[in-house]
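Engineer: For reference, the structure I am asking about is given below.
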Amino acid sequence: MDNQLNLSDQELVRRAKAEELRSRGIDPFGAAFTRTANSQTINEQYQNHTKEQLLELNVKAIVAGRIMTRRVKGKAGFMHIQDRYGQLQIYVRSDMLSEEQFETFKKGDIGDIVGVEGFIIRTDTGELTVKASNYTHLSKALRPLPEKFHGLQDKEEARRHRYVDLIMNEEAKRIAFLRPKIIRAFQKFFDQKGFVEVETPILQPILGGANARPFITHHNALDMDFYLRIATELPLKRLIVGGMEAVYEIGRLFRNEGMDATHNPEFTTVEAYLAYSDMAGMMDLVEECFRFLTKEVLNKQVITYQGHELRFDVPFRRVHMVEAIKEQTGIDFFKLTSLDEAIDLANKHEIELTKHERAFGHIVNLFFEKYVEDTLIQPTFVFGHPLEISPLAKKSVDPRFTERFELFINKKEFANAFSELNDPLDQRERFENQIKEKALGNEEAAEMDDDFVKALEYGMAPTGGLGIGIDRTVMLLTGADSIRDVLLFPHMRPK
């Protein structure tokens, strides 16, 4: 009874209507219903038929969907029902239905789900329509939908109630259906390249594969803590050691970090590893992948995103991180000979350093983040990341840097790749340095993974590896401004 007090007048009326249906022997929440057509097939097959041709053909169709508009006048009425493809007009006349069916139609509400059997016609206004000969109530909507032009205008509310957003918002529905097509396009690209799609564990006993804060959970039977994976990298490279040579995985990663327009605590990436390749090979592969995606999904290779015209039909720029910093600041970190010089530069440029960041590589990276990232609009490969922030990449000729790159588009990172470190002695030393950083307060530092080092000791071929953020790629290809608009159920702060 207390719950009833919180119901609106409309909700009380709808509950009463549900009980009335039940009293008439009609289940308010229905049963299975077999359709023979939908809004898309009817439009595609009969869009060019005239009113007279459709009358002559007398085509029967059985459709179903949610009532989105309705108007009843005397012994006839119109409504639009919505299915996954769009809306379809229904014409209802009392002399075409049983008395009970017409009564059910008259007492229906916007939001109810119904099934209609009838004949395809074209009205005097030219709209393809199903003229009902049978009308079936399928499911009662106990809550009214938002008013079409004023409901769910608050984006936060739309994201909290995605089910309503999908009903009312064509843009939300467009993105929801385009996202799986983009993921299929990723799969098609890597499959055609001879990669094998694999699955690796989400629960991992050791933190590794990236620098990020993890989520931690506990397994009762084993009585041990596990991390939700922050990367798929180390298991995939074990498969390269095992001789699979070309593997990829599309999967969820989990990072216990901040949330903004491009970050969600769980997100989707594709990681791929190719034996006998390197950083340059990965650059070619990533560039080819984005060119394929834009063509496959959008059928064009010049797109406009957030006010910028982005070119995927020309070679991507490739620039060393140090050169990019020099272009913006005039500072050449190649020429620095001591850590003190780097620290002095950071102080002069008001770059604050934590304990673990008082290292050459971290300072270089902080300069890049402050002065370069926001200048990278067109697709750009930035390579040569410092050793301290690249514990799994091969060293460059200058051992302060690595054979690693990131792809930036419109100021944001979309891909990360490198020539994989396959020297087990160097790898063990890198892990030990990460442990030292963790002791200095770097909560994102990796842990020692003895089994991975053991795998490398069996011998891993020179290998190139890459990771691409799928959510950001979906944002790019759909024109969405926020990651929350390309996730069906984004994480939200409680109201």
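Every chain in the structure tokens has a letter given in the order shown (A, B, ...), and although residue numbers restart at 1 in each chain, ligands are simply numbered from 1 in the order shown.
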I'd like the neighbourhood of Asp471 of chain A as a PyMOL selection string, where a residue qualifies if any of its atoms comes within 10 Å (using only C-alpha atoms), though same-chain residues fewer than 6 positions away should be ignored.
Structural biologist: chain A and resi 179+182-183+262-264+267-269+414+477+482-487
Engineer: Using C-alpha atoms, can you write the selected residues to a file as a compact mmCIF listing (two decimals), in the first residue's frame?
Structural biologist:
```txt
# COMPACT_ATOMS: atom_id res chain seq x y z
CA ARG A 179 29.19 -0.38 -31.94
CA ILE A 182 32.77 -1.67 -35.42
CA ILE A 183 33.86 -4.61 -33.26
CA THR A 262 37.20 9.35 -22.33
CA HIS A 263 37.69 7.17 -19.23
CA ASN A 264 35.43 4.53 -17.68
CA PHE A 267 36.54 -0.48 -21.01
CA THR A 268 37.20 -2.54 -24.13
CA THR A 269 40.42 -2.91 -26.09
CA PHE A 414 43.94 5.70 -29.39
CA LEU A 477 33.39 6.68 -35.75
CA SER A 482 31.62 11.06 -24.25
CA ILE A 483 32.60 7.46 -23.61
CA ARG A 484 29.35 7.16 -21.64
CA ASP A 485 27.42 7.56 -24.88
CA VAL A 486 29.10 4.54 -26.52
CA LEU A 487 28.71 2.24 -23.50
```
Engineer: Give me, as a PyMOL selection string, the residues of segment 158-348 of chain A that a backbone DSSP run labels strand (DSSP E).
Structural biologist: chain A and resi 196-197+203-204+216-219+224-228+246-254+266-275+302-305+308-311+317-320
Engineer: Would you please work out which residue, of A:Tyr371, A:Phe105, A:Tyr85, A:Phe215, is nearest to Arg71 of chain A when using only C-alpha atoms?
Structural biologist: A:Phe105
Engineer: What does the distance between atom CA of Val364 of chain A and atom CA of Gly465 of chain A come to in Å, to one decimal place?
Structural biologist: 23.2 Å
Engineer: Near segment 223-235 of chain A, counting only C-alpha atoms, which residues have an atom at most 9 Å away, once you skip same-chain residues fewer than 5 positions from it, shown as a PDB file with N, CA and C atoms, in the first residue's frame?
Structural biologist:
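The result, stored in around-v3.pdb:
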```pdb
ATOM      1  N   THR A 200      41.849 -14.809 -22.774  1.00  0.00           N
ATOM      2  CA  THR A 200      42.759 -14.978 -21.647  1.00  0.00           C
ATOM      3  C   THR A 200      42.036 -14.587 -20.358  1.00  0.00           C
ATOM      4  N   PRO A 201      42.561 -14.964 -19.192  1.00  0.00           N
ATOM      5  CA  PRO A 201      41.815 -14.766 -17.933  1.00  0.00           C
ATOM      6  C   PRO A 201      41.602 -13.303 -17.578  1.00  0.00           C
ATOM      7  N   ILE A 202      40.435 -13.025 -17.025  1.00  0.00           N
ATOM      8  CA  ILE A 202      40.147 -11.687 -16.494  1.00  0.00           C
ATOM      9  C   ILE A 202      40.691 -11.571 -15.069  1.00  0.00           C
ATOM     10  N   LEU A 203      40.610 -12.648 -14.301  1.00  0.00           N
ATOM     11  CA  LEU A 203      41.188 -12.671 -12.957  1.00  0.00           C
ATOM     12  C   LEU A 203      42.659 -13.043 -13.056  1.00  0.00           C
ATOM     13  N   GLN A 204      43.530 -12.189 -12.557  1.00  0.00           N
ATOM     14  CA  GLN A 204      44.963 -12.438 -12.663  1.00  0.00           C
ATOM     15  C   GLN A 204      45.624 -12.298 -11.287  1.00  0.00           C
ATOM     16  N   PRO A 205      46.530 -13.219 -10.945  1.00  0.00           N
ATOM     17  CA  PRO A 205      47.151 -13.192  -9.616  1.00  0.00           C
ATOM     18  C   PRO A 205      48.246 -12.148  -9.468  1.00  0.00           C
ATOM     19  N   ILE A 206      48.766 -11.634 -10.594  1.00  0.00           N
ATOM     20  CA  ILE A 206      49.880 -10.681 -10.565  1.00  0.00           C
ATOM     21  C   ILE A 206      49.501  -9.459 -11.389  1.00  0.00           C
ATOM     22  N   LEU A 207      49.814  -8.281 -10.865  1.00  0.00           N
ATOM     23  CA  LEU A 207      49.511  -7.034 -11.577  1.00  0.00           C
ATOM     24  C   LEU A 207      50.567  -6.800 -12.648  1.00  0.00           C
ATOM     25  N   GLY A 208      50.148  -6.726 -13.906  1.00  0.00           N
ATOM     26  CA  GLY A 208      51.129  -6.507 -14.961  1.00  0.00           C
ATOM     27  C   GLY A 208      50.497  -6.253 -16.304  1.00  0.00           C
ATOM     28  N   GLY A 209      51.349  -5.881 -17.257  1.00  0.00           N
ATOM     29  CA  GLY A 209      50.901  -5.625 -18.615  1.00  0.00           C
ATOM     30  C   GLY A 209      50.678  -4.160 -18.913  1.00  0.00           C
ATOM     31  N   ALA A 210      50.651  -3.337 -17.860  1.00  0.00           N
ATOM     32  CA  ALA A 210      50.453  -1.887 -18.033  1.00  0.00           C
ATOM     33  C   ALA A 210      50.736  -1.230 -16.696  1.00  0.00           C
ATOM     34  N   ASN A 211      50.721   0.084 -16.694  1.00  0.00           N
ATOM     35  CA  ASN A 211      50.852   0.843 -15.455  1.00  0.00           C
ATOM     36  C   ASN A 211      49.501   1.458 -15.124  1.00  0.00           C
ATOM     37  N   ALA A 212      48.814   0.883 -14.160  1.00  0.00           N
ATOM     38  CA  ALA A 212      47.481   1.361 -13.810  1.00  0.00           C
ATOM     39  C   ALA A 212      47.092   0.826 -12.437  1.00  0.00           C
ATOM     40  N   ARG A 213      46.167   1.529 -11.793  1.00  0.00           N
ATOM     41  CA  ARG A 213      45.651   1.054 -10.508  1.00  0.00           C
ATOM     42  C   ARG A 213      44.598  -0.019 -10.749  1.00  0.00           C
ATOM     43  N   PRO A 214      44.678  -1.126 -10.020  1.00  0.00           N
ATOM     44  CA  PRO A 214      43.755  -2.237 -10.291  1.00  0.00           C
ATOM     45  C   PRO A 214      42.558  -2.263  -9.347  1.00  0.00           C
ATOM     46  N   PHE A 215      41.565  -3.055  -9.724  1.00  0.00           N
ATOM     47  CA  PHE A 215      40.528  -3.502  -8.806  1.00  0.00           C
ATOM     48  C   PHE A 215      40.992  -4.835  -8.224  1.00  0.00           C
ATOM     49  N   ILE A 216      40.764  -5.025  -6.949  1.00  0.00           N
ATOM     50  CA  ILE A 216      41.225  -6.237  -6.278  1.00  0.00           C
ATOM     51  C   ILE A 216      40.018  -6.998  -5.738  1.00  0.00           C
ATOM     52  N   THR A 217      40.000  -8.311  -5.947  1.00  0.00           N
ATOM     53  CA  THR A 217      38.930  -9.145  -5.434  1.00  0.00           C
ATOM     54  C   THR A 217      39.544 -10.377  -4.763  1.00  0.00           C
ATOM     55  N   HIS A 218      38.725 -11.163  -4.109  1.00  0.00           N
ATOM     56  CA  HIS A 218      39.241 -12.315  -3.350  1.00  0.00           C
ATOM     57  C   HIS A 218      38.536 -13.595  -3.787  1.00  0.00           C
ATOM     58  N   GLU A 249      43.094 -10.367 -28.998  1.00  0.00           N
ATOM     59  CA  GLU A 249      41.971 -10.532 -28.084  1.00  0.00           C
ATOM     60  C   GLU A 249      41.220  -9.219 -27.979  1.00  0.00           C
ATOM     61  N   GLY A 251      38.593  -7.560 -25.515  1.00  0.00           N
ATOM     62  CA  GLY A 251      38.056  -7.856 -24.198  1.00  0.00           C
ATOM     63  C   GLY A 251      38.034  -6.660 -23.274  1.00  0.00           C
ATOM     64  N   ARG A 252      37.370  -6.857 -22.143  1.00  0.00           N
ATOM     65  CA  ARG A 252      37.229  -5.816 -21.138  1.00  0.00           C
ATOM     66  C   ARG A 252      38.472  -5.749 -20.256  1.00  0.00           C
ATOM     67  N   LEU A 253      38.888  -4.531 -19.957  1.00  0.00           N
ATOM     68  CA  LEU A 253      39.937  -4.252 -18.990  1.00  0.00           C
ATOM     69  C   LEU A 253      39.342  -3.405 -17.867  1.00  0.00           C
ATOM     70  N   PHE A 254      40.016  -3.405 -16.711  1.00  0.00           N
ATOM     71  CA  PHE A 254      39.467  -2.743 -15.526  1.00  0.00           C
ATOM     72  C   PHE A 254      40.568  -1.936 -14.853  1.00  0.00           C
ATOM     73  N   ARG A 255      40.339  -0.642 -14.689  1.00  0.00           N
ATOM     74  CA  ARG A 255      41.323   0.217 -14.044  1.00  0.00           C
ATOM     75  C   ARG A 255      40.622   1.109 -13.021  1.00  0.00           C
ATOM     76  N   THR A 269      39.294  -3.109 -25.188  1.00  0.00           N
ATOM     77  CA  THR A 269      40.420  -2.905 -26.095  1.00  0.00           C
ATOM     78  C   THR A 269      40.576  -4.116 -27.005  1.00  0.00           C
ATOM     79  N   VAL A 270      41.357  -3.928 -28.047  1.00  0.00           N
ATOM     80  CA  VAL A 270      41.882  -5.057 -28.811  1.00  0.00           C
ATOM     81  C   VAL A 270      43.400  -4.998 -28.664  1.00  0.00           C
ATOM     82  N   GLU A 271      43.997  -6.123 -28.278  1.00  0.00           N
ATOM     83  CA  GLU A 271      45.448  -6.243 -28.249  1.00  0.00           C
ATOM     84  C   GLU A 271      45.842  -7.322 -29.231  1.00  0.00           C
ATOM     85  N   ALA A 272      46.914  -7.062 -29.969  1.00  0.00           N
ATOM     86  CA  ALA A 272      47.373  -8.011 -30.987  1.00  0.00           C
ATOM     87  C   ALA A 272      48.898  -8.117 -30.935  1.00  0.00           C
ATOM     88  N   TYR A 273      49.407  -9.331 -31.174  1.00  0.00           N
ATOM     89  CA  TYR A 273      50.850  -9.588 -31.133  1.00  0.00           C
ATOM     90  C   TYR A 273      51.241 -10.408 -32.351  1.00  0.00           C
ATOM     91  N   PHE A 452      56.258 -15.126 -16.233  1.00  0.00           N
ATOM     92  CA  PHE A 452      56.448 -14.495 -17.538  1.00  0.00           C
ATOM     93  C   PHE A 452      57.923 -14.445 -17.911  1.00  0.00           C
ATOM     94  N   GLY A 465      53.792  -5.711 -30.756  1.00  0.00           N
ATOM     95  CA  GLY A 465      52.494  -5.799 -30.091  1.00  0.00           C
ATOM     96  C   GLY A 465      51.793  -4.467 -30.106  1.00  0.00           C
ATOM     97  N   LEU A 466      50.459  -4.502 -30.084  1.00  0.00           N
ATOM     98  CA  LEU A 466      49.690  -3.258 -30.107  1.00  0.00           C
ATOM     99  C   LEU A 466      48.428  -3.409 -29.286  1.00  0.00           C
ATOM    100  N   GLY A 467      47.927  -2.285 -28.806  1.00  0.00           N
ATOM    101  CA  GLY A 467      46.622  -2.221 -28.165  1.00  0.00           C
ATOM    102  C   GLY A 467      45.878  -1.003 -28.677  1.00  0.00           C
TER     103      GLY A 467
END
```
Engineer: Would you mind reading off the distance between atom CA of Phe334 of chain A and atom CA of Pro399 of chain A, one decimal, in Å?
Structural biologist: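 Taking atom CA of Phe334 of chain A and atom CA of Pro399 of chain A, their separation equals 11.3 Å.
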Engineer: Identify, with DSSP run on backbone atoms, the residues in segment 103-344 of chain A assigned to alpha helix (DSSP H), and express the list as a PyMOL selection string.
Structural biologist: chain A and resi 103-106+155-160+162-168+170-192+233-241+279-293+321-329+339-344
Engineer: Please measure the separation of atom CA of Thr123 of chain A and atom CA of Glu170 of chain A, giving the value in Å to one decimal.
Structural biologist: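 Computing the Euclidean distance for atom CA of Thr123 of chain A and atom CA of Glu170 of chain A yields 24.9 Å.
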Engineer: List the neighbours of Leu440 of chain A out to 8 Å using only C-alpha atoms; skip same-chain residues closer than 4 positions along the sequence, and give me the result as number ranges by chain.
Structural biologist: A: 355-356, 436
Engineer: How about saving the chosen residues, C-alpha atoms kept, as a PDB file, in the first residue's frame?
Structural biologist:
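Written file, selection27.pdb:
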```pdb
ATOM      1  CA  LYS A 355      59.084  10.933  -5.464  1.00  0.00           C
ATOM      2  CA  HIS A 356      58.921   8.281  -8.171  1.00  0.00           C
ATOM      3  CA  LYS A 436      61.309   0.037  -6.462  1.00  0.00           C
TER       4      LYS A 436
END
```
Engineer: Show which residues sit within 12 Å of Ser338 of chain A, as a PyMOL selection string. Count only C-alpha atoms, and ignore same-chain residues fewer than 6 positions away.
Structural biologist: chain A and resi 344-345+358-361+400
Engineer: Using only C-alpha atoms for the distances, tell me which of A:Gln192, A:Gln82, A:Thr125, A:Gln45 is nearest to Lys173 of chain A.
Structural biologist: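 Selected residue with least distance to Lys173 of chain A: A:Gln82.
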Engineer: Which of these, A:Asp9, A:Asp260, A:Asp332, A:Glu171, has the shortest distance to Thr478 of chain A once you count only C-alpha atoms?
Structural biologist: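 Of A:Asp9, A:Asp260, A:Asp332, A:Glu171, the one nearest Thr478 of chain A, counting only C-alpha atoms, is A:Glu171.
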Engineer: So that I can check the surroundings of Ala158 of chain A, please list as a list in words every protein, DNA and RNA residue that reaches within 12 Å of it, counting only C-alpha atoms and ignoring chain neighbours fewer than 4 positions away.
Structural biologist: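 Residues meeting the cut-off are Pro146, Gly151, Leu152, Gln153, Asp154, Arg162, Tyr163, Val164, Asp165, Leu166, Ile167, Met168, Asn169, Glu171, Ala172, Arg484, Asp485, Leu487, Leu488, Phe489, Pro490 and Met492 of chain A.
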Engineer: Return the single residue from A:Val116, A:Arg174, A:Gly111, A:Arg122 that is closest to His49 of chain A, with distances computed using only C-alpha atoms.
Structural biologist: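 Closest residue, counting only C-alpha atoms: A:Arg122.
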Engineer: Rank nothing, just name the residue among A:Gly243, A:Pro462, A:Pro180, A:Gly258 nearest to Val474 of chain A, using only C-alpha atoms.
Structural biologist: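 Distance minimum relative to Val474 of chain A lands on A:Pro180.
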Engineer: Given only C-alpha atoms as the basis, pick out the residue of A:Ile175, A:Lys454, A:Pro391, A:Ile62 nearest to Ile435 of chain A.
Structural biologist: A:Pro391
